[in-house]
Structure formats: C-alpha cells, structure tokens
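Heads up, protein-v3.json below (JSON, C-alpha atoms):
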```
[["chain", "number", "residue", "atom", "x", "y", "z"],
["A", 1, "MET", "CA", 64.85, -38.19, 8.53],
["A", 2, "ASN", "CA", 65.34, -41.90, 9.17],
["A", 3, "ASN", "CA", 63.35, -41.57, 12.40],
["A", 4, "ILE", "CA", 60.41, -40.17, 10.46],
["A", 5, "LEU", "CA", 60.53, -43.03, 7.94],
["A", 6, "GLU", "CA", 60.74, -45.53, 10.78],
["A", 7, "ASP", "CA", 57.71, -43.89, 12.36],
["A", 8, "VAL", "CA", 55.82, -44.24, 9.08],
["A", 9, "LEU", "CA", 56.64, -47.94, 9.04],
["A", 10, "GLU", "CA", 55.48, -48.16, 12.63],
["A", 11, "LEU", "CA", 52.20, -46.50, 11.67],
["A", 12, "LYS", "CA", 51.79, -49.05, 8.90],
["A", 13, "GLU", "CA", 52.32, -51.87, 11.39],
["A", 14, "LEU", "CA", 49.82, -50.29, 13.77],
["A", 15, "ILE", "CA", 47.24, -50.15, 11.00],
["A", 16, "LEU", "CA", 47.89, -53.80, 10.17],
["A", 17, "GLU", "CA", 47.13, -54.66, 13.80],
["A", 18, "THR", "CA", 43.75, -52.89, 13.88],
["A", 19, "ASP", "CA", 40.47, -54.77, 13.98],
["A", 20, "GLU", "CA", 39.44, -52.89, 10.85],
["A", 21, "TYR", "CA", 42.35, -54.32, 8.89],
["A", 22, "LYS", "CA", 42.10, -57.81, 10.34],
["A", 23, "ASN", "CA", 38.37, -57.96, 9.62],
["A", 24, "TYR", "CA", 38.95, -56.67, 6.11],
["A", 25, "LYS", "CA", 41.62, -59.30, 5.39],
["A", 26, "SER", "CA", 39.46, -62.06, 6.81],
["A", 27, "SER", "CA", 36.52, -60.97, 4.64],
["A", 28, "LEU", "CA", 38.73, -60.68, 1.60],
["A", 29, "ASN", "CA", 40.04, -64.21, 2.09],
["A", 30, "LYS", "CA", 36.50, -65.52, 2.43],
["A", 31, "ILE", "CA", 35.23, -63.97, -0.77],
["A", 32, "GLU", "CA", 38.36, -64.93, -2.71],
["A", 33, "SER", "CA", 37.66, -68.55, -1.87],
["A", 34, "ASN", "CA", 33.92, -68.31, -2.47],
["A", 35, "ASN", "CA", 33.22, -69.73, -5.93],
["A", 36, "LYS", "CA", 29.71, -68.29, -6.05],
["A", 37, "VAL", "CA", 30.98, -64.77, -5.40],
["A", 38, "ASN", "CA", 33.75, -65.11, -7.99],
["A", 39, "THR", "CA", 31.37, -66.48, -10.59],
["A", 40, "LEU", "CA", 28.90, -63.68, -9.99],
["A", 41, "ILE", "CA", 31.62, -61.05, -10.26],
["A", 42, "LYS", "CA", 32.81, -62.55, -13.55],
["A", 43, "ASP", "CA", 29.21, -62.62, -14.81],
["A", 44, "ILE", "CA", 28.74, -58.99, -13.78],
["A", 45, "VAL", "CA", 31.90, -57.87, -15.58],
["A", 46, "SER", "CA", 30.89, -59.81, -18.66],
["A", 47, "LYS", "CA", 27.40, -58.32, -18.61],
["A", 48, "GLN", "CA", 28.84, -54.81, -18.18],
["A", 49, "LYS", "CA", 31.07, -55.31, -21.21],
["A", 50, "GLU", "CA", 28.14, -56.59, -23.23],
["A", 51, "ILE", "CA", 26.05, -53.56, -22.24],
["A", 52, "THR", "CA", 28.85, -51.16, -23.12],
["A", 53, "ASN", "CA", 29.33, -52.82, -26.49],
["A", 54, "LYS", "CA", 25.62, -52.67, -27.29],
["A", 55, "GLU", "CA", 25.34, -49.06, -26.11],
["A", 56, "TYR", "CA", 28.18, -48.16, -28.44],
["A", 57, "LYS", "CA", 26.23, -49.77, -31.28],
["A", 58, "LYS", "CA", 23.07, -47.90, -30.17],
["A", 59, "VAL", "CA", 21.26, -51.16, -29.32],
["A", 60, "ASP", "CA", 18.65, -51.28, -26.56],
["A", 61, "THR", "CA", 20.21, -52.62, -23.35],
["A", 62, "SER", "CA", 17.25, -52.47, -20.98],
["A", 63, "LEU", "CA", 16.92, -56.26, -20.73],
["A", 64, "LEU", "CA", 20.65, -56.65, -20.15],
["A", 65, "GLU", "CA", 20.55, -53.94, -17.50],
["A", 66, "GLN", "CA", 17.77, -55.80, -15.70],
["A", 67, "GLU", "CA", 19.88, -58.94, -15.81],
["A", 68, "LEU", "CA", 22.83, -56.98, -14.44],
["A", 69, "ASP", "CA", 20.71, -55.58, -11.62],
["A", 70, "SER", "CA", 19.62, -59.09, -10.78],
["A", 71, "LEU", "CA", 23.24, -60.27, -10.65],
["A", 72, "TYR", "CA", 24.15, -57.37, -8.35],
["A", 73, "GLU", "CA", 21.22, -58.16, -6.10],
["A", 74, "GLU", "CA", 22.25, -61.80, -5.90],
["A", 75, "LEU", "CA", 25.84, -60.80, -5.10],
["A", 76, "ASN", "CA", 24.78, -58.31, -2.43],
["A", 77, "ASN", "CA", 22.66, -60.97, -0.76],
["A", 78, "ILE", "CA", 25.67, -63.16, -0.10],
["A", 79, "LYS", "CA", 26.71, -62.56, 3.50],
["A", 80, "GLU", "CA", 30.44, -62.97, 2.91],
["A", 81, "TYR", "CA", 30.30, -60.33, 0.19],
["A", 82, "SER", "CA", 28.25, -57.86, 2.21],
["A", 83, "ASP", "CA", 30.64, -58.37, 5.14],
["A", 84, "TYR", "CA", 33.55, -57.68, 2.83],
["A", 85, "ILE", "CA", 31.96, -54.45, 1.61],
["A", 86, "GLU", "CA", 31.21, -53.33, 5.15],
["A", 87, "ASN", "CA", 34.74, -54.13, 6.36],
["A", 88, "SER", "CA", 36.24, -52.40, 3.32],
["A", 89, "ILE", "CA", 34.31, -49.26, 4.18],
["A", 90, "LEU", "CA", 35.45, -49.38, 7.80],
["A", 91, "LEU", "CA", 39.10, -49.78, 6.80],
["A", 92, "ASN", "CA", 38.80, -47.04, 4.22],
["A", 93, "ASN", "CA", 37.30, -44.73, 6.85],
["A", 94, "LEU", "CA", 40.19, -45.42, 9.20],
["A", 95, "ILE", "CA", 42.78, -44.70, 6.51],
["A", 96, "THR", "CA", 40.91, -41.60, 5.36],
["A", 97, "ASN", "CA", 40.82, -40.28, 8.92],
["A", 98, "ILE", "CA", 44.55, -40.84, 9.26],
["A", 99, "GLN", "CA", 45.20, -39.08, 5.97],
["A", 100, "ASN", "CA", 43.00, -36.15, 6.99],
["A", 101, "ARG", "CA", 44.85, -35.74, 10.26],
["A", 102, "PHE", "CA", 48.19, -35.75, 8.45],
["A", 103, "GLU", "CA", 46.88, -33.22, 5.96],
["A", 104, "GLU", "CA", 45.63, -30.95, 8.75],
["A", 105, "TYR", "CA", 48.96, -31.20, 10.52],
["A", 106, "PHE", "CA", 51.02, -30.54, 7.39],
["A", 107, "ASN", "CA", 48.78, -27.63, 6.41],
["A", 108, "SER", "CA", 49.27, -26.12, 9.85],
["A", 109, "LEU", "CA", 53.04, -26.29, 9.32],
["A", 110, "VAL", "CA", 52.94, -24.17, 6.20],
["A", 111, "SER", "CA", 50.24, -21.73, 7.29]]
```
What does the file become when written as structure tokens?
Amino acid sequence: MNNILEDVLELKELILETDEYKNYKSSLNKIESNNKVNTLIKDIVSKQKEITNKEYKKVDTSLLEQELDSLYEELNNIKEYSDYIENSILLNNLITNIQNRFEEYFNSLVS
C-alpha cells in the first residue's frame, strides 16, 4: 500500500514538472500581480452582485448587464489574463486525461 501512495506522490511531482503546470503557475503569478486585472475582477464581482440584487427586486438590469459585458471584454483583452485562461485550460485537460485513464483502469479491475 505504501508503494502505491508513494507512486501517487511521484505522479503529483511529475505533474508539477510539466510545461502545462509551469505555464499555468507563471500565468497565475502574472495576473495576481497585475493591478488592472485585479481591479477588473473586483469590478466584475461587484457588478454581478448588483445585478443579482436588482434582479431579486425585479428591477431592470439591462444597462448593468451591458456594463458587465464591457468589463468582461476589457478583461479578456488583457494578454496576461487570456494567457492565464489558456494555460488553465491546458492544465485542466492534462489532469482530466489522467483522471480518465485512472477511471478506465479502475473500471476494468471491477468489470
């Protein structure tokens, strides 16, 4: 059993050494230190809360939704953010593929 757990830790270390993970971490660090990105994200969250509150009160939110769309567009046009999203997707795909292979293997054991 300990060998299996050690192998799992080894797999974790292998994942941490992949380009997908390294690129993801690099992108994450860049957006965390990007004040424009952080401000836009805070503005988006605030606008979402405002929209939800107004929807609950049955108030028209079309103008607020346009403002929110504009904030999203501005955020998506920042290269560091779009790189982060792309690298997140690549890392997620890698992890999903690993999970799927484990699932297939474990399913074959019990079938």
Please provide the set of residues having any atom within 7 Å of stretch 34-49 of chain A, restricted to only C-alpha atoms, with same-chain residues fewer than 5 positions apart removed, written as an mmCIF file with C-alpha atoms, keeping the file's coordinate frame.
```cif
data_model
loop_
_atom_site.group_PDB
_atom_site.id
_atom_site.type_symbol
_atom_site.label_atom_id
_atom_site.label_comp_id
_atom_site.auth_asym_id
_atom_site.auth_seq_id
_atom_site.Cartn_x
_atom_site.Cartn_y
_atom_site.Cartn_z
ATOM 1 C CA LEU A 68 22.830 -56.980 -14.440
ATOM 2 C CA LEU A 71 23.240 -60.270 -10.650
ATOM 3 C CA LEU A 75 25.840 -60.800 -5.100
#
```
Practice problem: Quick one: everything within 12 Å of A:Ile15, counting all atoms listed in the file, minus sequence neighbours fewer than 2 positions away in the same chain. Send it as number ranges by chain. | Solution: A: 8-13, 17-24, 91-92, 94-95, 97-98
Quiz prompt | Atomic distance atom CA of A:Leu63 - atom CA of A:Tyr84, expressed in Å with one decimal | solution =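 Taking atom CA of A:Leu63 and atom CA of A:Tyr84, their separation equals 28.9 Å.
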Using the file's own x, y and z axes, what box holds all listed atoms of stretch 12-21 of chain A with 6 Å on each side, keeping edges along x, y and z, and what are its centre and edge lengths in Å to one decimal, as lines of an AutoDock Vina configuration file?
```
center_x = 45.9
center_y = -51.9
center_z = 11.4
size_x = 24.9
size_y = 17.7
size_z = 17.1
```
Exercise. Would you work out the distance separating atom CA of A:Leu16 from atom CA of A:Ser88, expressed in Å to one decimal?
Key: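 Distance between the two atoms: 13.6 Å.
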Quiz item: Pick from A:Gln99, A:Phe106, A:Asp69, A:Ile89: nearest to A:Ser27, with all atoms listed in the file counted?
Solution: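 Result for the nearest residue to A:Ser27: A:Ile89.
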Quiz prompt | Option closest in space to A:Glu65, from A:Met1, A:Ile51, A:Leu109, A:Ile78 [counting all atoms listed in the file] | solution =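 Among the listed residues, the smallest separation from A:Glu65 belongs to A:Ile51.
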Practice problem: Please indicate the distance in Å from atom CA of A:Ile31 to atom CA of A:Thr96, rounded to one decimal place. | Solution: 23.9 Å
Can you rebuild stretch 78-89 of chain A with all heavy atoms and give it as a compact mmCIF listing (two decimals), in the frame of the given file?
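Just written: part_11.txt:
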```
# COMPACT_ATOMS: atom_id res chain seq x y z
N ILE A 78 24.75 -62.17 -0.65
CA ILE A 78 25.67 -63.16 -0.10
C ILE A 78 26.37 -62.53 1.10
O ILE A 78 27.02 -61.49 0.98
CB ILE A 78 26.70 -63.61 -1.16
CG1 ILE A 78 25.97 -64.30 -2.31
CG2 ILE A 78 27.75 -64.53 -0.53
CD1 ILE A 78 26.86 -64.67 -3.48
N LYS A 79 26.21 -63.15 2.26
CA LYS A 79 26.71 -62.56 3.50
C LYS A 79 28.20 -62.27 3.46
O LYS A 79 28.64 -61.20 3.91
CB LYS A 79 26.38 -63.47 4.69
CG LYS A 79 26.94 -62.92 6.01
CD LYS A 79 26.23 -63.46 7.19
CE LYS A 79 26.80 -63.00 8.49
NZ LYS A 79 27.26 -61.63 8.61
N GLU A 80 29.00 -63.19 2.95
CA GLU A 80 30.44 -62.97 2.91
C GLU A 80 30.78 -61.72 2.10
O GLU A 80 31.69 -60.97 2.44
CB GLU A 80 31.16 -64.18 2.31
CG GLU A 80 31.18 -65.40 3.21
CD GLU A 80 29.93 -66.26 3.07
OE1 GLU A 80 29.05 -65.95 2.24
OE2 GLU A 80 29.85 -67.25 3.81
N TYR A 81 30.04 -61.50 1.03
CA TYR A 81 30.30 -60.33 0.19
C TYR A 81 29.87 -59.05 0.90
O TYR A 81 30.61 -58.06 0.89
CB TYR A 81 29.61 -60.46 -1.17
CG TYR A 81 29.90 -59.31 -2.07
CD1 TYR A 81 31.12 -59.22 -2.72
CD2 TYR A 81 28.97 -58.29 -2.25
CE1 TYR A 81 31.41 -58.14 -3.54
CE2 TYR A 81 29.25 -57.21 -3.07
CZ TYR A 81 30.47 -57.14 -3.71
OH TYR A 81 30.75 -56.07 -4.51
N SER A 82 28.70 -59.06 1.50
CA SER A 82 28.25 -57.86 2.21
C SER A 82 29.16 -57.55 3.40
O SER A 82 29.44 -56.38 3.69
CB SER A 82 26.78 -57.98 2.63
OG SER A 82 26.59 -59.05 3.50
N ASP A 83 29.66 -58.59 4.06
CA ASP A 83 30.64 -58.37 5.14
C ASP A 83 31.92 -57.74 4.59
O ASP A 83 32.49 -56.84 5.21
CB ASP A 83 30.98 -59.69 5.85
CG ASP A 83 29.85 -60.22 6.70
OD1 ASP A 83 28.90 -59.46 6.98
OD2 ASP A 83 29.93 -61.40 7.10
N TYR A 84 32.35 -58.23 3.46
CA TYR A 84 33.55 -57.68 2.83
C TYR A 84 33.36 -56.20 2.51
O TYR A 84 34.25 -55.37 2.80
CB TYR A 84 33.89 -58.47 1.56
CG TYR A 84 34.86 -57.76 0.67
CD1 TYR A 84 36.22 -57.70 1.00
CD2 TYR A 84 34.43 -57.12 -0.49
CE1 TYR A 84 37.11 -57.03 0.19
CE2 TYR A 84 35.33 -56.46 -1.30
CZ TYR A 84 36.66 -56.41 -0.95
OH TYR A 84 37.54 -55.74 -1.75
N ILE A 85 32.24 -55.85 1.95
CA ILE A 85 31.96 -54.45 1.61
C ILE A 85 31.95 -53.60 2.88
O ILE A 85 32.58 -52.52 2.93
CB ILE A 85 30.63 -54.32 0.84
CG1 ILE A 85 30.71 -55.01 -0.52
CG2 ILE A 85 30.23 -52.85 0.70
CD1 ILE A 85 31.75 -54.44 -1.46
N GLU A 86 31.28 -54.07 3.89
CA GLU A 86 31.21 -53.33 5.15
C GLU A 86 32.61 -53.15 5.76
O GLU A 86 32.97 -52.05 6.19
CB GLU A 86 30.30 -54.05 6.14
CG GLU A 86 30.15 -53.33 7.46
CD GLU A 86 29.23 -54.08 8.42
OE1 GLU A 86 28.28 -54.74 7.96
OE2 GLU A 86 29.49 -53.99 9.63
N ASN A 87 33.39 -54.21 5.79
CA ASN A 87 34.74 -54.13 6.36
C ASN A 87 35.67 -53.27 5.50
O ASN A 87 36.55 -52.59 6.03
CB ASN A 87 35.32 -55.52 6.57
CG ASN A 87 34.64 -56.24 7.72
OD1 ASN A 87 34.33 -55.64 8.73
ND2 ASN A 87 34.40 -57.52 7.55
N SER A 88 35.47 -53.27 4.21
CA SER A 88 36.24 -52.40 3.32
C SER A 88 35.96 -50.93 3.63
O SER A 88 36.87 -50.11 3.68
CB SER A 88 35.89 -52.67 1.86
OG SER A 88 36.25 -53.95 1.49
N ILE A 89 34.71 -50.64 3.85
CA ILE A 89 34.31 -49.26 4.18
C ILE A 89 34.92 -48.83 5.50
O ILE A 89 35.45 -47.71 5.63
CB ILE A 89 32.77 -49.13 4.20
CG1 ILE A 89 32.22 -49.26 2.77
CG2 ILE A 89 32.33 -47.81 4.85
CD1 ILE A 89 30.72 -49.42 2.69
```
